[in-house]
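The next block is start14.txt, given as compact mmCIF, C-alpha atoms.
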```
# COMPACT_ATOMS: atom_id res chain seq x y z
CA MET A 1 181.53 87.81 119.07
CA SER A 2 177.96 87.46 120.21
CA THR A 3 178.42 83.80 121.07
CA LEU A 4 180.94 84.71 123.74
CA LYS A 5 178.87 87.66 124.89
CA ASN A 6 176.20 85.16 125.91
CA TRP A 7 178.64 83.30 128.16
CA LYS A 8 176.09 83.25 130.96
CA ILE A 9 173.70 80.90 129.16
CA HIS A 10 176.50 78.56 128.10
CA ILE A 11 177.78 78.28 131.67
CA ALA A 12 174.21 77.77 132.89
CA ALA A 13 173.65 75.06 130.27
CA LEU A 14 176.91 73.31 131.20
CA ILE A 15 176.03 73.25 134.89
CA ILE A 16 172.52 72.00 134.09
CA VAL A 17 173.90 69.19 131.92
CA ILE A 18 176.34 68.03 134.59
CA ILE A 19 173.68 68.03 137.32
CA CYS A 20 171.14 66.21 135.13
CA GLU A 21 173.55 63.52 133.97
CA LEU A 22 174.65 62.96 137.56
CA ILE A 23 171.03 62.33 138.54
CA GLY A 24 170.58 59.96 135.58
CA THR A 25 167.44 58.21 134.37
CA ARG A 26 164.71 57.54 136.94
CA LYS A 27 161.62 55.38 136.62
CA ILE A 28 158.31 55.70 138.42
CA LEU A 29 155.75 52.91 138.19
CA ILE A 30 152.29 54.21 137.39
CA GLY A 31 149.55 51.68 136.73
CA PRO A 32 150.62 49.15 134.13
CA GLY A 33 153.30 51.45 132.63
CA VAL A 34 156.39 53.33 133.69
CA LEU A 35 157.02 57.06 133.71
CA LEU A 36 160.57 57.57 132.54
CA PHE A 37 162.42 60.67 133.62
CA LEU A 38 165.43 61.22 131.40
CA PRO A 39 168.21 63.73 132.09
CA MET A 40 167.02 65.79 129.11
CA LEU A 41 163.66 66.34 130.79
CA TYR A 42 165.26 67.66 133.97
CA ALA A 43 167.47 69.84 131.79
CA MET A 44 164.44 71.45 130.21
CA VAL A 45 162.75 72.04 133.57
CA LEU A 46 165.92 73.40 135.25
CA GLY A 47 166.54 75.67 132.26
CA GLY A 48 162.95 76.84 132.43
CA ILE A 49 163.26 77.70 136.10
CA LEU A 50 166.45 79.71 135.48
CA SER A 51 164.77 81.63 132.68
CA TRP A 52 161.66 82.41 134.75
CA PRO A 53 161.15 86.13 134.06
CA ARG A 54 160.62 87.04 137.71
CA LEU A 55 164.02 85.71 138.73
CA LYS A 56 165.69 88.13 136.29
CA LEU A 57 168.69 85.83 135.93
CA ILE A 58 168.54 85.73 132.15
CA ASN A 59 167.44 88.67 130.04
CA LEU A 60 165.24 88.58 126.98
CA GLN A 61 168.12 88.97 124.54
CA GLU A 62 169.84 85.95 126.11
CA MET A 63 166.64 83.91 125.86
CA HIS A 64 166.44 84.69 122.16
CA ALA A 65 170.09 83.72 121.83
CA ALA A 66 169.37 80.42 123.60
CA SER A 67 166.54 79.83 121.16
CA ALA A 68 168.83 80.46 118.16
CA ILE A 69 171.46 78.13 119.66
CA LEU A 70 168.77 75.49 120.14
CA GLY A 71 168.02 75.55 116.41
CA LEU A 72 171.68 75.01 115.65
CA THR A 73 172.30 72.27 118.19
CA THR A 74 169.39 70.15 116.93
CA LEU A 75 171.39 69.84 113.69
CA MET A 76 173.87 67.69 115.62
CA LEU A 77 171.03 65.29 116.33
CA VAL A 78 170.26 65.15 112.63
CA THR A 79 173.90 64.22 111.99
CA LYS A 80 173.91 61.57 114.71
CA LEU A 81 170.74 59.99 113.32
CA GLY A 82 172.10 60.06 109.76
CA LEU A 83 175.23 58.24 110.95
CA ILE A 84 173.04 55.59 112.59
CA ILE A 85 170.88 55.19 109.47
CA GLY A 86 173.87 54.85 107.10
CA PRO A 87 174.98 51.26 107.85
CA SER A 88 171.40 49.94 107.74
CA ILE A 89 170.13 51.97 104.81
CA VAL A 90 169.29 48.75 102.94
CA LYS A 91 167.38 47.37 105.91
CA LEU A 92 165.51 50.66 106.15
CA ALA A 93 164.47 50.43 102.52
CA ASP A 94 162.87 47.05 103.33
CA SER A 95 160.40 48.79 105.58
CA GLY A 96 159.80 51.59 103.09
CA LEU A 97 156.11 50.84 102.84
CA ALA A 98 155.54 51.12 106.58
CA LEU A 99 157.67 54.25 106.74
CA SER A 100 155.70 55.93 103.97
CA PHE A 101 152.26 54.98 105.24
CA GLN A 102 152.84 55.95 108.84
CA GLU A 103 153.51 59.51 107.65
CA LEU A 104 149.77 59.74 107.03
CA GLY A 105 149.39 59.20 110.75
CA HIS A 106 151.79 62.05 111.46
CA PHE A 107 150.07 64.48 109.15
CA LEU A 108 146.45 63.60 109.84
CA GLY A 109 146.78 62.46 113.47
CA THR A 110 146.91 66.05 114.69
CA VAL A 111 143.46 66.76 113.21
CA VAL A 112 141.81 63.44 114.02
CA LEU A 113 142.07 63.87 117.78
CA GLY A 114 142.71 67.60 118.07
CA LEU A 115 139.93 69.13 116.01
CA PRO A 116 136.94 67.43 117.65
CA LEU A 117 138.34 68.26 121.08
CA ALA A 118 139.01 71.89 120.14
CA LEU A 119 135.46 72.26 118.84
CA PHE A 120 134.04 70.49 121.86
CA LEU A 121 135.87 72.95 124.13
CA GLY A 122 134.27 75.81 122.25
CA LEU A 123 137.17 77.10 120.15
CA GLY A 124 136.22 78.75 116.88
CA ARG A 125 138.41 79.09 113.80
CA GLU A 126 141.42 79.03 116.17
CA SER A 127 140.99 75.29 116.05
CA ILE A 128 142.01 75.20 112.38
CA GLY A 129 145.39 76.80 113.04
CA ALA A 130 145.76 74.85 116.26
CA THR A 131 145.20 71.36 114.89
CA PHE A 132 146.12 71.25 111.17
CA SER A 133 149.73 70.28 111.98
CA ILE A 134 152.18 70.06 114.90
CA ASP A 135 152.54 73.83 114.50
CA ARG A 136 156.30 74.25 114.36
CA GLU A 137 158.02 77.10 112.51
CA PRO A 138 157.33 76.03 108.88
CA ASN A 139 153.66 75.47 109.70
CA ILE A 140 153.33 78.93 111.22
CA ALA A 141 154.61 80.33 107.92
CA ILE A 142 151.80 78.54 106.06
CA ILE A 143 149.11 80.01 108.32
CA ALA A 144 150.75 83.46 108.29
CA GLU A 145 150.68 83.51 104.52
CA LYS A 146 147.13 82.25 104.17
CA TYR A 147 145.29 83.97 107.02
CA GLY A 148 147.75 86.44 108.55
CA MET A 149 148.93 86.23 112.14
CA ASP A 150 146.19 88.52 113.46
CA SER A 151 143.48 86.07 112.44
CA PRO A 152 141.88 83.45 114.72
CA GLU A 153 143.81 80.81 112.75
CA GLY A 154 147.03 82.72 113.46
CA ARG A 155 146.27 82.83 117.18
CA GLY A 156 145.53 79.11 117.14
CA VAL A 157 148.82 78.17 115.49
CA MET A 158 150.84 80.47 117.77
CA SER A 159 149.22 79.12 120.94
CA VAL A 160 149.97 75.52 120.06
CA TYR A 161 153.47 76.53 118.94
CA ILE A 162 154.13 78.02 122.37
CA CYS A 163 152.65 75.00 124.17
CA GLY A 164 154.83 72.80 121.99
CA THR A 165 157.92 74.78 122.96
CA LEU A 166 157.02 74.59 126.63
CA PHE A 167 155.64 71.06 127.01
CA GLY A 168 156.01 69.22 123.70
CA ALA A 169 159.25 67.39 124.47
CA ILE A 170 158.38 66.60 128.08
CA TRP A 171 154.90 65.39 127.15
CA LEU A 172 156.03 63.19 124.27
CA GLY A 173 158.98 61.86 126.25
CA LEU A 174 156.71 60.70 129.08
CA LEU A 175 153.96 59.49 126.75
CA ALA A 176 156.30 57.49 124.53
CA GLY A 177 158.08 55.95 127.51
CA TYR A 178 154.77 55.02 129.11
CA LEU A 179 153.32 53.52 125.93
CA ALA A 180 156.54 51.61 125.29
CA ALA A 181 156.44 50.13 128.78
CA LEU A 182 152.86 48.94 128.19
CA LYS A 183 154.28 46.72 125.40
CA ILE A 184 151.20 47.13 123.18
CA PHE A 185 153.22 48.36 120.23
CA HIS A 186 156.46 47.05 118.79
CA PRO A 187 159.43 49.35 119.49
CA TYR A 188 159.96 49.84 115.72
CA ALA A 189 156.40 51.13 115.32
CA LEU A 190 156.80 53.44 118.32
CA ALA A 191 160.09 54.67 116.91
CA MET A 192 158.48 55.59 113.60
CA GLY A 193 155.69 57.32 115.51
CA ALA A 194 158.32 59.33 117.41
CA GLY A 195 159.44 61.07 114.21
CA VAL A 196 156.87 63.82 114.64
CA GLY A 197 158.90 66.41 112.74
CA SER A 198 160.40 68.39 115.62
CA GLY A 199 163.96 67.66 116.70
CA SER A 200 163.48 68.05 120.44
CA MET A 201 160.16 66.18 120.58
CA MET A 202 161.55 63.33 118.50
CA ALA A 203 164.62 63.20 120.75
CA ALA A 204 162.52 63.02 123.90
CA ALA A 205 160.12 60.43 122.49
CA SER A 206 162.78 58.14 121.04
CA GLY A 207 164.86 58.57 124.21
CA GLY A 208 161.91 57.26 126.20
CA ILE A 209 161.40 54.28 123.89
CA LYS A 210 165.12 53.52 123.82
CA ALA A 211 165.24 53.47 127.61
CA VAL A 212 162.49 50.83 127.73
CA PHE A 213 163.99 48.71 124.92
CA PRO A 214 167.76 49.19 125.24
CA GLU A 215 168.36 46.01 123.21
CA TYR A 216 166.83 47.75 120.15
CA ALA A 217 168.56 51.11 120.74
CA ASN A 218 170.11 51.39 117.28
CA GLU A 219 167.01 50.32 115.36
CA ILE A 220 164.83 52.68 117.39
CA LEU A 221 167.03 55.66 116.59
CA MET A 222 167.27 54.57 112.96
CA TYR A 223 163.51 54.38 112.44
CA ALA A 224 162.80 57.50 114.50
CA GLY A 225 165.46 59.44 112.62
CA ALA A 226 164.27 58.31 109.19
CA SER A 227 160.65 59.01 110.03
CA ASN A 228 161.50 62.43 111.44
CA LEU A 229 163.50 63.27 108.33
CA ILE A 230 160.59 62.37 106.04
CA THR A 231 158.13 64.30 108.21
CA THR A 232 160.36 67.36 108.17
CA ILE A 233 161.09 67.36 104.46
CA ILE A 234 157.70 66.56 102.96
CA GLY A 235 155.79 68.04 105.91
CA ILE A 236 155.54 71.58 104.60
CA TYR A 237 154.11 70.47 101.25
CA PHE A 238 151.74 67.95 102.77
CA CYS A 239 150.46 70.51 105.29
CA LEU A 240 149.93 73.11 102.61
CA PHE A 241 148.19 70.92 100.03
CA VAL A 242 146.48 68.24 102.12
CA SER A 243 146.33 68.84 105.88
CA LEU A 244 145.12 72.43 105.79
CA PRO A 245 142.35 71.89 103.19
CA VAL A 246 141.26 68.71 105.00
CA THR A 247 141.15 70.57 108.33
CA GLU A 248 139.11 73.39 106.75
CA ARG A 249 136.65 70.90 105.31
CA LEU A 250 136.35 68.95 108.57
CA TYR A 251 135.84 72.19 110.45
CA LYS A 252 132.90 73.06 108.19
CA ILE A 253 131.37 69.63 108.71
CA LEU A 254 132.02 69.28 112.44
CA SER A 255 131.54 72.76 113.83
CA PRO A 256 127.73 72.79 113.39
CA LEU A 257 127.62 69.41 115.14
CA ILE A 258 129.88 69.88 118.16
CA GLY A 259 131.27 73.39 117.89
CA LYS A 260 130.61 76.92 119.05
CA ASP A 261 128.14 77.46 116.19
CA LYS A 262 125.84 74.98 117.85
CA ALA A 263 126.26 76.67 121.23
CA LYS A 264 125.68 80.05 119.60
CA GLY A 265 122.48 78.74 118.08
CA GLN A 266 121.27 77.75 121.52
CA ALA A 267 122.36 81.02 123.08
CA SER A 268 120.58 83.18 120.50
CA GLY A 269 117.56 80.94 120.92
CA GLY A 270 117.69 81.80 124.60
CA VAL A 271 117.80 85.53 123.86
CA ALA A 272 114.80 85.23 121.55
CA LYS A 273 112.74 83.85 124.39
CA MET B 1 174.87 83.18 111.91
CA LYS B 2 178.39 83.20 110.52
CA LEU B 3 180.13 79.88 110.01
CA ILE B 4 182.85 80.57 112.58
CA GLU B 5 180.24 81.44 115.13
CA THR B 6 178.27 78.33 114.28
CA ALA B 7 181.41 76.26 114.77
CA LEU B 8 182.03 77.97 118.09
CA VAL B 9 178.51 77.20 119.31
CA LEU B 10 178.89 73.55 118.30
CA LEU B 11 182.26 73.42 120.10
CA ILE B 12 180.68 74.76 123.28
CA MET B 13 177.90 72.22 122.91
CA GLY B 14 180.65 69.61 122.48
CA VAL B 15 182.10 70.39 125.90
CA MET B 16 178.68 69.71 127.46
CA THR B 17 178.02 66.64 125.37
CA ILE B 18 181.36 65.06 126.25
CA ALA B 19 180.88 65.95 129.92
CA GLY B 20 177.43 64.33 129.93
CA ASN B 21 178.63 61.43 127.81
CA THR B 22 181.37 60.64 130.32
CA ILE B 23 179.28 61.17 133.46
CA GLY B 24 176.01 59.60 132.33
CA TYR B 25 176.95 56.97 129.76
CA HIS B 26 180.53 56.09 130.75
CA PHE B 27 182.12 56.25 127.30
CA PRO B 28 185.91 56.74 127.00
CA MET B 29 186.58 60.45 126.69
CA THR B 30 189.25 60.59 123.98
CA GLU B 31 187.31 58.43 121.55
CA SER B 32 184.10 60.32 122.14
CA ILE B 33 185.87 63.64 121.53
CA ILE B 34 187.06 62.33 118.16
CA GLY B 35 183.53 61.09 117.47
CA TYR B 36 182.05 64.46 118.30
CA MET B 37 184.56 66.26 116.06
CA ILE B 38 183.60 64.00 113.14
CA MET B 39 179.92 64.75 113.73
CA MET B 40 180.65 68.45 113.96
CA ALA B 41 182.55 68.39 110.67
CA ILE B 42 179.61 66.67 108.95
CA THR B 43 177.14 69.17 110.40
CA LEU B 44 179.22 72.15 109.25
CA LEU B 45 179.67 70.60 105.81
CA GLY B 46 175.90 70.20 105.53
CA ILE B 47 175.32 73.83 106.54
CA VAL B 48 177.82 74.99 103.90
CA LEU B 49 176.27 72.75 101.23
CA ALA B 50 172.77 74.06 101.97
CA LYS B 51 174.11 77.59 101.46
CA PHE B 52 175.86 76.97 98.18
CA ILE B 53 173.70 74.45 96.38
CA PRO B 54 171.08 76.37 94.41
CA ILE B 55 168.34 73.72 94.85
CA LYS B 56 166.14 74.90 97.69
CA LEU B 57 166.16 72.10 100.26
CA PRO B 58 166.40 72.43 104.04
CA MET B 59 169.76 72.11 105.84
CA VAL B 60 168.38 69.03 107.56
CA PHE B 61 168.26 67.32 104.18
CA TRP B 62 171.88 68.01 103.22
CA ILE B 63 173.21 67.14 106.65
CA SER B 64 171.31 63.85 106.57
CA VAL B 65 172.59 63.01 103.10
CA ILE B 66 176.22 63.54 104.10
CA ALA B 67 175.82 61.68 107.40
CA ILE B 68 174.05 58.71 105.80
CA LEU B 69 176.62 58.51 102.98
CA ALA B 70 179.48 58.71 105.49
CA THR B 71 178.50 55.45 107.19
CA SER B 72 176.66 53.72 104.34
CA PRO B 73 178.20 50.62 102.74
CA ILE B 74 179.63 52.70 99.86
CA SER B 75 181.78 54.81 102.18
CA PRO B 76 185.39 53.59 102.54
CA TYR B 77 185.57 55.14 106.02
CA ALA B 78 182.21 53.82 107.21
CA LYS B 79 183.67 51.55 109.88
CA VAL B 80 186.04 54.12 111.40
CA ILE B 81 183.35 56.80 111.45
CA THR B 82 180.79 54.46 113.02
CA ASP B 83 183.31 53.27 115.62
CA TYR B 84 184.11 56.74 116.87
CA THR B 85 180.70 58.39 116.55
CA SER B 86 178.94 55.49 118.30
CA LYS B 87 180.92 56.49 121.40
CA VAL B 88 178.80 59.66 121.61
CA ASP B 89 175.45 58.63 123.06
CA PHE B 90 172.33 60.04 121.44
CA LEU B 91 170.98 61.00 124.86
CA ALA B 92 174.19 62.86 125.72
CA LEU B 93 173.44 65.13 122.75
CA THR B 94 169.84 65.69 123.78
CA THR B 95 170.56 66.95 127.30
CA PRO B 96 172.37 70.17 126.26
CA ILE B 97 169.78 70.74 123.53
CA LEU B 98 166.90 70.66 125.97
CA ALA B 99 168.90 72.74 128.46
CA TYR B 100 169.02 75.52 125.85
CA ALA B 101 165.34 74.92 125.10
CA GLY B 102 164.60 75.42 128.79
CA LEU B 103 166.75 78.53 129.01
CA SER B 104 164.79 80.13 126.18
CA ILE B 105 161.38 79.38 127.72
CA GLY B 106 161.08 82.62 129.69
CA LYS B 107 160.34 84.63 126.56
CA ASP B 108 157.23 82.54 125.88
CA LEU B 109 155.92 82.47 129.44
CA VAL B 110 154.39 85.94 129.26
CA VAL B 111 152.24 84.99 126.28
CA PHE B 112 151.55 81.60 127.77
CA LYS B 113 150.06 83.08 130.95
CA LYS B 114 147.42 84.80 128.83
CA MET B 115 146.39 81.57 127.12
CA SER B 116 143.35 79.52 128.05
CA TRP B 117 143.67 76.04 129.55
CA ARG B 118 141.58 74.81 126.63
CA ILE B 119 144.28 75.49 124.07
CA VAL B 120 146.85 73.75 126.28
CA LEU B 121 144.67 70.66 126.32
CA VAL B 122 144.22 70.89 122.55
CA ALA B 123 147.98 71.22 122.05
CA LEU B 124 148.72 68.11 124.11
CA THR B 125 146.04 66.22 122.16
CA VAL B 126 147.56 67.37 118.86
CA TYR B 127 150.95 65.94 119.86
CA THR B 128 149.39 62.78 121.22
CA GLY B 129 147.42 62.34 118.00
CA THR B 130 150.34 62.67 115.64
CA PHE B 131 152.45 60.22 117.66
CA LEU B 132 149.71 57.69 118.31
CA CYS B 133 148.23 57.59 114.80
CA ALA B 134 151.64 57.21 113.15
CA THR B 135 152.59 54.48 115.64
CA ALA B 136 149.34 52.58 115.02
CA ILE B 137 149.72 52.72 111.23
CA ALA B 138 153.39 51.73 111.49
CA GLU B 139 152.47 48.75 113.67
CA VAL B 140 149.92 47.51 111.13
CA MET B 141 152.20 48.09 108.14
CA LEU B 142 155.29 46.53 109.75
CA ARG B 143 153.26 43.40 110.49
CA PHE B 144 151.87 43.44 106.97
CA GLU B 145 155.40 43.61 105.59
CA GLY B 146 156.46 40.82 107.96
CA ILE B 147 159.21 42.88 109.60
CA ILE B 148 157.88 42.44 113.13
```

Can I see the file as structure tokens?
Amino acid sequence: MSTLKNWKIHIAALIIVIICELIGTRKILIGPGVLLFLPMLYAMVLGGILSWPRLKLINLQEMHAASAILGLTTLMLVTKLGLIIGPSIVKLADSGLALSFQELGHFLGTVVLGLPLALFLGLGRESIGATFSIDREPNIAIIAEKYGMDSPEGRGVMSVYICGTLFGAIWLGLLAGYLAALKIFHPYALAMGAGVGSGSMMAAASGGIKAVFPEYANEILMYAGASNLITTIIGIYFCLFVSLPVTERLYKILSPLIGKDKAKGQASGGVAK
Amino acid sequence: MKLIETALVLLIMGVMTIAGNTIGYHFPMTESIIGYMIMMAITLLGIVLAKFIPIKLPMVFWISVIAILATSPISPYAKVITDYTSKVDFLALTTPILAYAGLSIGKDLVVFKKMSWRIVLVALTVYTGTFLCATAIAEVMLRFEGII
């Protein structure tokens, strides 16, 4: 059985988990907030070090196996969150309006900040693929179908996908913990925001919030889980019919103003001289 | 993946989860093992349902439906299930998951080395944007609804 053939990664994962849980959660004060280091963040870093290609400890086939296992294990999180939502399903329905509206923030928030920055940094049509969504697997499929993976849009979506795999959880975990510690937003609002539509990122973000507000632990996981579920299920349709066309349109409007097209105009002007 | 293999993977993950759950969150081991087994059964049931129900909806949907129903007020076993599964800390589940995520990173590093710093910055902004915008809207709406 191939699961047992990959015994090396399971043993590695077990050792990592034990070490990380022994270290436990650590806090570092930075400015007005707190950087929270949760065991899951060390686990990701330690795993990353072990899989560093130059060390040759884990081969490519095992890395792909680890990736497949990852997909399966995130389903356990989905179960856990469902079990937390169950008893308070009525309470959750009370905040249905907030839950529905904040999804707009999830789907359009990627473009609002990402696209202007991408254009400012001189990216071309890569910026469409890069910023139209959080660029997880279902979103890649949308770009692949519409533009093909060899297009600039395809390169954009793949690059952000890889960055997401490498840093997404760590970044959101630290960011959410820091923002929570600033006490600007209510933990419920942060929890809903944490449901970005990726299991590991949501886990890291809600873990950070939960560590700052342990008294709201159950509610935080409930709202984060519900929000993540909505993002995941309607995400693919929303991205296809709203986010992508909106990003295209914004790209057309913004790129002459702040993008490469403007720089190109100046450059060709320079040549003409 | 075959169902038996899926079950095996979840069992292996269970060993790590229970280890972490005991070390890091100090829950009683026997109860958390029962809790984990319940969660595993629900997950497997969801995977099977997603395979056999002809309506095309993601596994995540079916698993959530079963899990929510299992502890919702209409379930006769809601209290027992909640009692046991609450002994498995959410964070104890996340540590093995991110350990596997880390162990799979190597395959992406080669491509990553060729990428420009600009796209890395854009990626972090994309994730910041989705989290921040949703949080801000949620804050406004929750106040509007009088929940917070």

Within 9 Å of segment 4-16 of chain B, counting only C-alpha atoms, which residues show up once you throw out same-chain ones fewer than 4 positions away? Write them as a list of chain:residue names, please. A:Met1, A:Ser2, A:Thr3, A:Leu4, A:His10, A:Ala13, A:Leu14, A:Ile15, A:Val17, A:Ile18, A:Ile69, A:Leu72, A:Thr73, A:Met76, B:Gly20, B:Asn21, B:Ile33, B:Tyr36, B:Met37, B:Met40, B:Ala41, B:Leu44, B:Ala92, B:Leu93, B:Thr95, B:Pro96, B:Ile97

I need the residue nearest Tyr77 of chain B from this list: A:Ile128, A:Leu57, A:Ala181, A:Leu83. Use all atoms listed in the file for the distance.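 Going through A:Ile128, A:Leu57, A:Ala181, A:Leu83 one by one, the smallest distance to Tyr77 of chain B is for A:Leu83.
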
Please identify all residues of chain B having at least one atom at most 6 Å from any atom of chain A, considering all atoms listed in the file, and return them as a VMD selection string. chain B and resid 16 20 24 64 67 to 68 71 to 72 95 to 100 102 to 106 122 to 123 125 to 126 129 to 131 133 to 135 137 to 139 141 to 142

Would you work out the distance separating atom CA of Arg125 of chain A from atom CA of Leu250 of chain A, expressed in Å to one decimal? 11.6 Å

May I have the residues within 12 Å of Ile253 of chain A as a compact mmCIF listing (two decimals) with C-alpha atoms, keeping the file's coordinate frame, using only C-alpha atoms and disregarding those fewer than 4 positions away in the same chain?
```txt
# COMPACT_ATOMS: atom_id res chain seq x y z
CA LEU A 115 139.93 69.13 116.01
CA PRO A 116 136.94 67.43 117.65
CA LEU A 119 135.46 72.26 118.84
CA VAL A 246 141.26 68.71 105.00
CA THR A 247 141.15 70.57 108.33
CA GLU A 248 139.11 73.39 106.75
CA ARG A 249 136.65 70.90 105.31
CA LEU A 257 127.62 69.41 115.14
CA ILE A 258 129.88 69.88 118.16
CA GLY A 259 131.27 73.39 117.89
CA ASP A 261 128.14 77.46 116.19
CA LYS A 262 125.84 74.98 117.85
```

Would you list the residues near (163.7, 69.0, 102.5), meaning any protein, DNA or RNA residue with an atom at most 7 Å from that point in file coordinates, counting all atoms listed in the file, as number ranges by chain? A: 232-234; B: 57-58, 60-61

For the selection just defined, write its residues with C-alpha atoms to a file, as a JSON list (two decimals), in the frame of the given file.
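out.json written:
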```json
[["chain", "number", "residue", "atom", "x", "y", "z"],
["A", 232, "THR", "CA", 160.36, 67.36, 108.17],
["A", 233, "ILE", "CA", 161.09, 67.36, 104.46],
["A", 234, "ILE", "CA", 157.70, 66.56, 102.96],
["B", 57, "LEU", "CA", 166.16, 72.10, 100.26],
["B", 58, "PRO", "CA", 166.40, 72.43, 104.04],
["B", 60, "VAL", "CA", 168.38, 69.03, 107.56],
["B", 61, "PHE", "CA", 168.26, 67.32, 104.18]]
```

If you measure from atom CA of Pro138 of chain A to atom CA of Gly235 of chain A, what distance in Å do you get, rounded to one decimal?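 Atom-to-atom, atom CA of Pro138 of chain A to atom CA of Gly235 of chain A, that is 8.7 Å.
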
For a quick check of understanding, using only C-alpha atoms, which of B:Lys56, B:Lys87, B:Lys51, B:Lys79 has the smallest distance to Thr22 of chain B?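 For Thr22 of chain B, the nearest of the given residues is B:Lys87.
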
Computed interatomic separation between atom CA of Val120 of chain B and atom CA of Leu29 of chain A (Å):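 That distance, rounded to one decimal, is 25.6 Å.
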
Using all atoms listed in the file, find the one residue out of A:Ile209, A:Ala180, A:Lys146, A:Ile30 that sits nearest to Tyr223 of chain A.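 With all atoms listed in the file as the atom set, the closest residue is A:Ile209.
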